[in-house]
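data.txt, holding compact mmCIF, C-alpha atoms:
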```
# COMPACT_ATOMS: atom_id res chain seq x y z
CA MET U 1 80.62 116.87 93.65
CA ILE U 2 80.24 113.14 92.97
CA TRP U 3 81.05 112.50 89.31
CA ILE U 4 79.66 109.57 87.31
CA CYS U 5 81.44 108.24 84.23
CA GLU U 6 79.00 108.38 81.30
CA THR U 7 80.54 105.26 79.73
CA CYS U 8 80.64 102.83 82.67
CA GLY U 9 78.27 104.60 85.08
CA VAL U 10 80.65 104.25 88.06
CA GLU U 11 80.79 106.96 90.75
CA THR U 12 84.12 108.57 91.54
CA ALA U 13 85.58 110.80 94.24
CA ASP U 14 83.99 113.96 95.63
CA LEU U 15 85.89 116.59 93.60
CA PRO U 16 85.18 120.17 92.51
CA GLU U 17 85.98 119.25 88.89
CA PRO U 18 85.65 115.93 87.04
CA PRO U 19 88.75 113.71 86.86
CA GLY U 20 90.79 113.71 83.70
CA ALA U 21 90.17 110.02 83.07
CA CYS U 22 88.15 107.06 84.30
CA ALA U 23 90.57 104.35 85.39
CA ILE U 24 87.94 101.66 84.90
CA CYS U 25 87.33 102.66 81.28
CA GLU U 26 91.04 103.10 80.56
CA ASP U 27 91.60 99.42 81.44
CA GLU U 28 91.76 96.92 78.57
CA ARG U 29 88.46 95.33 79.65
CA GLN U 30 86.47 98.51 79.04
CA TRP U 31 86.71 101.41 76.56
CA VAL U 32 86.80 105.18 76.25
CA PRO U 33 84.64 106.86 73.56
CA GLU U 34 86.38 108.12 70.46
CA ASP U 35 85.64 111.72 71.46
CA GLY U 36 87.08 111.24 74.93
CA GLN U 37 85.96 110.92 78.52
CA HIS U 38 82.61 112.36 79.60
CA TRP U 39 81.15 112.81 83.07
CA THR U 40 77.71 113.44 84.51
CA THR U 41 76.11 113.80 87.94
CA LEU U 42 72.98 112.62 89.68
CA GLU U 43 71.59 116.14 89.44
CA ARG U 44 72.10 116.27 85.66
CA LEU U 45 70.58 112.83 85.19
CA ARG U 46 67.60 113.78 87.33
CA ALA U 47 67.08 116.99 85.36
CA ALA U 48 67.16 114.97 82.13
CA GLY U 49 64.27 112.81 83.37
CA THR U 50 66.18 109.67 84.30
CA ARG U 51 64.20 107.27 86.47
CA VAL U 52 64.62 103.81 87.96
CA SER U 53 62.13 101.14 86.88
CA VAL U 54 61.34 98.12 89.04
CA THR U 55 60.44 94.68 87.65
CA GLU U 56 59.61 91.52 89.57
CA VAL U 57 61.89 88.81 88.17
CA GLU U 58 60.66 85.94 90.31
CA ARG U 59 59.40 85.56 93.85
CA ASP U 60 61.64 87.59 96.20
CA LEU U 61 63.82 88.85 93.32
CA TRP U 62 63.47 92.23 91.60
CA GLY U 63 65.38 94.00 88.84
CA LEU U 64 66.12 97.74 88.85
CA ARG U 65 67.09 99.58 85.67
CA ALA U 66 67.87 103.20 84.93
CA GLU U 67 65.76 104.58 82.08
CA PRO U 68 67.31 105.86 79.88
CA ALA U 69 70.26 103.58 80.61
CA VAL U 70 73.22 105.05 82.48
CA GLY U 71 76.70 103.76 81.63
CA ILE U 72 76.78 100.07 80.80
CA GLY U 73 73.08 99.75 81.56
CA GLN U 74 73.05 96.78 83.92
CA GLN U 75 70.10 95.53 85.95
CA THR U 76 70.47 95.70 89.72
CA MET U 77 69.26 92.49 91.31
CA VAL U 78 67.44 92.93 94.63
CA VAL U 79 67.19 89.66 96.58
CA ARG U 80 64.92 89.32 99.60
CA VAL U 81 65.46 86.81 102.39
CA PRO U 82 63.70 86.79 105.79
CA GLU U 83 66.42 89.00 107.32
CA GLY U 84 66.27 91.71 104.64
CA VAL U 85 67.53 92.51 101.14
CA LEU U 86 70.77 92.56 99.17
CA LEU U 87 71.36 94.89 96.22
CA PHE U 88 73.73 93.39 93.65
CA ASP U 89 75.31 95.36 90.77
CA CYS U 90 73.89 98.81 91.44
CA VAL U 91 72.93 100.96 88.47
CA GLY U 92 74.53 104.37 87.97
CA TYR U 93 71.49 106.30 89.18
CA VAL U 94 69.23 106.35 92.23
CA ASP U 95 65.88 107.99 92.81
CA GLU U 96 63.47 108.35 95.71
CA ALA U 97 60.75 106.09 94.31
CA ALA U 98 63.14 103.16 93.85
CA VAL U 99 64.61 103.68 97.33
CA GLU U 100 61.11 103.62 98.81
CA HIS U 101 60.32 100.38 96.95
CA VAL U 102 63.49 98.69 98.22
CA GLN U 103 62.78 99.90 101.75
CA SER U 104 59.29 98.39 101.54
CA LEU U 105 60.89 94.96 101.04
CA GLY U 106 62.73 95.03 104.35
CA PRO U 107 65.99 96.36 105.81
CA THR U 108 68.93 96.57 103.44
CA LEU U 109 71.57 94.10 104.62
CA ALA U 110 74.24 95.13 102.14
CA VAL U 111 75.07 96.54 98.72
CA ALA U 112 77.55 94.55 96.62
CA ALA U 113 78.81 94.21 93.06
CA SER U 114 80.04 91.37 90.93
CA HIS U 115 83.04 93.39 89.69
CA PRO U 116 84.20 97.01 89.15
CA HIS U 117 82.22 97.58 85.94
CA MET U 118 79.09 97.14 88.06
CA TYR U 119 79.93 99.45 90.98
CA GLY U 120 77.55 102.10 89.61
CA VAL U 121 76.61 104.58 92.33
CA GLN U 122 76.76 101.89 94.98
CA THR U 123 77.66 104.30 97.78
CA GLU U 124 74.71 106.56 96.95
CA TRP U 125 72.40 103.56 97.13
CA ALA U 126 73.94 102.43 100.42
CA ARG U 127 73.55 105.87 102.00
CA ALA U 128 69.99 106.26 100.77
CA LEU U 129 69.16 102.85 102.27
CA GLY U 130 70.29 103.62 105.80
CA ASP U 131 74.09 103.47 105.46
CA ALA U 132 74.18 99.81 104.50
CA PRO U 133 77.65 98.24 104.11
CA VAL U 134 79.16 98.28 100.62
CA LEU U 135 80.82 94.88 100.23
CA VAL U 136 83.84 94.73 97.92
CA ALA U 137 86.04 91.72 97.20
CA ALA U 138 89.50 92.56 98.52
CA PRO U 139 91.38 91.81 95.27
CA ASP U 140 89.34 94.55 93.57
CA ALA U 141 89.81 97.19 96.28
CA GLU U 142 92.10 99.21 94.01
CA TRP U 143 89.20 99.79 91.59
CA VAL U 144 86.94 101.54 94.10
CA ARG U 145 86.89 105.11 92.79
CA ARG U 146 84.96 106.58 95.71
CA ARG U 147 86.51 105.82 99.07
CA ASP U 148 83.96 105.77 101.85
CA PRO U 149 83.68 104.39 105.41
CA LEU U 150 80.77 102.22 104.27
CA VAL U 151 83.08 100.10 102.09
CA GLU U 152 83.94 96.75 103.68
CA LEU U 153 86.37 94.30 102.12
CA TYR U 154 85.95 90.55 102.16
CA ASP U 155 88.22 87.77 100.95
CA GLU U 156 86.86 84.54 99.47
CA ARG U 157 83.36 84.40 100.90
CA ARG U 158 80.92 86.67 102.71
CA GLU U 159 77.61 85.45 104.11
CA VAL U 160 75.09 88.28 103.91
CA ALA U 161 72.37 86.19 105.58
CA PRO U 162 71.69 82.47 105.94
CA GLY U 163 71.30 81.09 102.42
CA LEU U 164 72.57 84.30 100.78
CA THR U 165 76.32 84.35 100.21
CA LEU U 166 78.88 86.21 98.11
CA HIS U 167 81.66 84.04 96.66
CA ARG U 168 84.79 85.32 94.94
CA VAL U 169 85.51 83.27 91.83
CA GLY U 170 87.83 85.53 89.80
CA GLY U 171 88.20 85.31 86.04
CA HIS U 172 86.81 88.48 84.50
CA PHE U 173 88.38 90.40 87.42
CA ARG U 174 90.46 88.95 90.24
CA GLY U 175 87.71 89.90 92.65
CA GLN U 176 84.83 88.79 90.42
CA ALA U 177 82.04 87.66 92.74
CA VAL U 178 78.76 85.80 92.45
CA VAL U 179 75.74 85.50 94.72
CA GLU U 180 74.45 82.10 95.82
CA TRP U 181 70.78 82.37 96.78
CA VAL U 182 69.75 78.99 98.14
CA ALA U 183 66.00 79.62 98.37
CA GLY U 184 65.65 80.97 94.84
CA ALA U 185 63.86 79.12 92.03
CA GLN U 186 61.50 77.46 94.51
CA GLY U 187 64.39 76.11 96.54
CA ARG U 188 66.43 74.78 93.61
CA GLY U 189 68.78 77.72 94.04
CA VAL U 190 69.74 80.77 92.01
CA LEU U 191 73.17 82.02 90.91
CA LEU U 192 73.63 85.74 90.25
CA ALA U 193 76.88 85.67 88.31
CA GLY U 194 77.48 89.15 86.95
CA ASP U 195 80.00 88.75 84.11
CA ALA U 196 81.72 85.69 85.56
CA VAL U 197 79.49 83.53 83.37
CA PHE U 198 77.54 85.04 80.48
CA PRO U 199 74.31 83.32 79.30
CA ASN U 200 74.31 83.12 75.52
CA PRO U 201 71.32 83.90 73.28
CA ASP U 202 70.64 80.18 72.79
CA ARG U 203 69.94 79.87 76.56
CA ARG U 204 71.69 76.48 76.41
CA SER U 205 75.28 77.66 76.78
CA VAL U 206 77.35 80.32 78.54
CA SER U 207 80.54 82.23 77.79
CA PHE U 208 83.59 83.26 79.79
CA MET U 209 85.67 86.32 78.89
CA ARG U 210 88.26 88.66 80.34
CA SER U 211 86.72 91.45 78.27
CA TYR U 212 83.33 91.19 76.60
CA PRO U 213 83.41 94.49 74.63
CA ASN U 214 87.03 93.96 73.51
CA ARG U 215 86.69 90.19 72.98
CA ILE U 216 89.59 89.10 75.19
CA PRO U 217 89.13 85.44 76.19
CA LEU U 218 90.06 83.63 79.37
CA SER U 219 92.27 80.57 79.24
CA GLY U 220 90.78 77.12 79.41
CA ASN U 221 92.48 76.55 82.77
CA VAL U 222 90.84 79.61 84.33
CA VAL U 223 87.43 78.71 82.91
CA GLN U 224 87.68 75.19 84.33
CA ARG U 225 88.71 76.60 87.70
CA VAL U 226 85.74 78.98 87.79
CA ALA U 227 83.32 76.27 86.68
CA THR U 228 84.58 73.80 89.27
CA GLN U 229 84.19 76.35 92.05
CA LEU U 230 80.66 77.25 90.94
CA GLU U 231 79.64 73.62 90.75
CA GLY U 232 80.05 73.43 94.51
CA LEU U 233 77.25 75.99 95.02
CA HIS U 234 73.51 75.34 95.23
CA PHE U 235 71.72 76.58 92.10
CA ASP U 236 69.64 75.42 89.18
CA ARG U 237 68.90 78.84 87.63
CA HIS U 238 71.42 81.45 86.57
CA TYR U 239 70.86 85.18 85.99
CA LYS U 240 73.21 87.62 84.36
CA ASN U 241 73.24 91.30 85.32
CA PHE U 242 71.46 92.37 82.10
CA GLY U 243 68.43 90.13 82.46
CA ALA U 244 69.59 87.08 80.50
CA VAL U 245 68.85 83.78 82.21
CA VAL U 246 69.54 80.08 82.04
CA PRO U 247 66.18 79.08 83.50
CA THR U 248 66.95 75.50 84.51
CA ALA U 249 69.75 72.92 84.58
CA ALA U 250 72.25 75.79 84.83
CA LYS U 251 74.97 73.59 86.36
CA ALA U 252 74.89 71.20 83.41
CA VAL U 253 75.02 74.18 81.04
CA LEU U 254 77.97 75.59 82.97
CA ARG U 255 79.94 72.33 82.80
CA SER U 256 79.31 71.61 79.12
CA SER U 257 80.17 75.21 78.19
CA ALA U 258 83.38 75.20 80.26
CA ASP U 259 84.47 71.94 78.66
CA ARG U 260 83.75 73.31 75.18
CA HIS U 261 85.68 76.52 75.91
CA ALA U 262 88.68 74.57 77.20
CA ALA U 263 88.63 72.27 74.17
CA TRP U 264 88.65 75.16 71.72
CA THR U 265 91.49 76.95 73.55
CA ARG U 266 93.51 73.70 73.58
CA GLY U 267 93.13 73.45 69.82
CA ASP U 268 90.99 70.31 69.83
CA PHE U 269 88.82 71.71 67.06
CA ASP U 270 91.46 73.43 64.94
CA HIS U 271 90.65 71.01 62.11
CA LEU U 272 87.25 72.66 61.80
CA THR U 273 88.67 76.13 61.18
```

Would you write the structure of this file as structure tokens?
Amino acid sequence: MIWICETCGVETADLPEPPGACAICEDERQWVPEDGQHWTTLERLRAAGTRVSVTEVERDLWGLRAEPAVGIGQQTMVVRVPEGVLLFDCVGYVDEAAVEHVQSLGPTLAVAASHPHMYGVQTEWARALGDAPVLVAAPDAEWVRRRDPLVELYDERREVAPGLTLHRVGGHFRGQAVVEWVAGAQGRGVLLAGDAVFPNPDRRSVSFMRSYPNRIPLSGNVVQRVATQLEGLHFDRHYKNFGAVVPTAAKAVLRSSADRHAAWTRGDFDHLT
């Protein structure tokens, strides 16, 4: 039986009984409910009426969501390039209709995640889509709860197809990865950043955290490192894995936000507090 953590939505090993704990939720970046760990399965979710909805985000980019939400409730981003599609940050549920929609877009080149909180049922998706490779940043290999031959590790960079590349930037997790999609936003470029960079409600700034639910910040040095690395990529638009977006001038937003974060952590604005 493949068990799915109800809190984070990540698949775990094929076991006759559910594990005693979810290592991802036990970590300081996530949380365990007050009444303890709970598990579910694809069969239980299906029986409860869970389905995957598909939304066109922009040309050649779609968002998949589980309804009702499973685990953290992220949106899987499906990017299409001439060679095929990449699924990024898989939700914790998969159904036949969504698989058929993805297959209609072209061959699945790979399944990948920005970081362990977003692994979802990535192996189930990969198997349903023709045994596509599951790409995992090597520094996060320890967090893969379901070992499978489809899992392939990469180091700093992995080109999925020309103009579609995974980059490890670290920060939120050591293996935190982003997707650079050169042709997105009418050629201005799109960044799919997971939780590496978090668009704020004002749509004019972004945040950087080690833990978002537990409010653990990153240092100014790490934020500047991440921002500098991202500035070398081609993008003008930035999507988070929950649908939030910086629609334009995302590099300028990234730089000004990183500088502000570093200034506050240095104490430059202590006189205002």

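Remark: for U:Leu191, the closest of the candidate residues U:Trp3, U:Trp264, U:Phe88, U:Tyr119 is U:Phe88 (distances computed over only C-alpha atoms).
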
Counting all atoms listed in the file, figure out which residue out of U:Val206, U:Arg146, U:Arg157, U:Pro116 gets nearest to U:Arg174. U:Pro116

Expected residue set, 12 Å radius at (83.7, 110.5, 89.2), all atoms listed in the file, as a VMD selection string: chain U and resid 1 to 25 37 to 42 92 119 to 121 144 to 147

Would you mind listing what lies within 12 Å of U:Gln224 as a PyMOL selection string, with all atoms listed in the file counted and same-chain residues fewer than 6 positions away left out? chain U and resi 169-171+197+207-208+218+230-231+254-263+265

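Reported to one decimal place, the separation of atom CA of U:Ala97 from atom CA of U:Thr165 is 27.4 Å.
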
Between U:Glu58, U:Pro199, U:Ser114, U:Trp143, which one has atoms that come closest to U:Glu26, using all atoms listed in the file?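 Among the listed residues, the smallest separation from U:Glu26 belongs to U:Trp143.
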
Distance in Å - atom CA of U:Val136 versus atom CA of U:Leu86: 13.3 Å

Given 5 Å on each side, where is the centre and what are the edge lengths in Å to one decimal of the axis-aligned box enclosing the listed atoms of stretch 60-78 of chain U, as lines of an AutoDock Vina configuration file?
```
center_x = 69.2
center_y = 96.7
center_z = 88.0
size_x = 25.1
size_y = 28.3
size_z = 26.3
```

Straight-line distance linking atom CA of U:Ala138 with atom CA of U:His115, stated in Å to one decimal: 11.0 Å

Looking at only C-alpha atoms, which of U:Tyr212, U:His167, U:Glu83, U:Val94 is the one that sits closest to U:Val70?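 The shortest atom-to-atom distance to U:Val70 comes from U:Val94.
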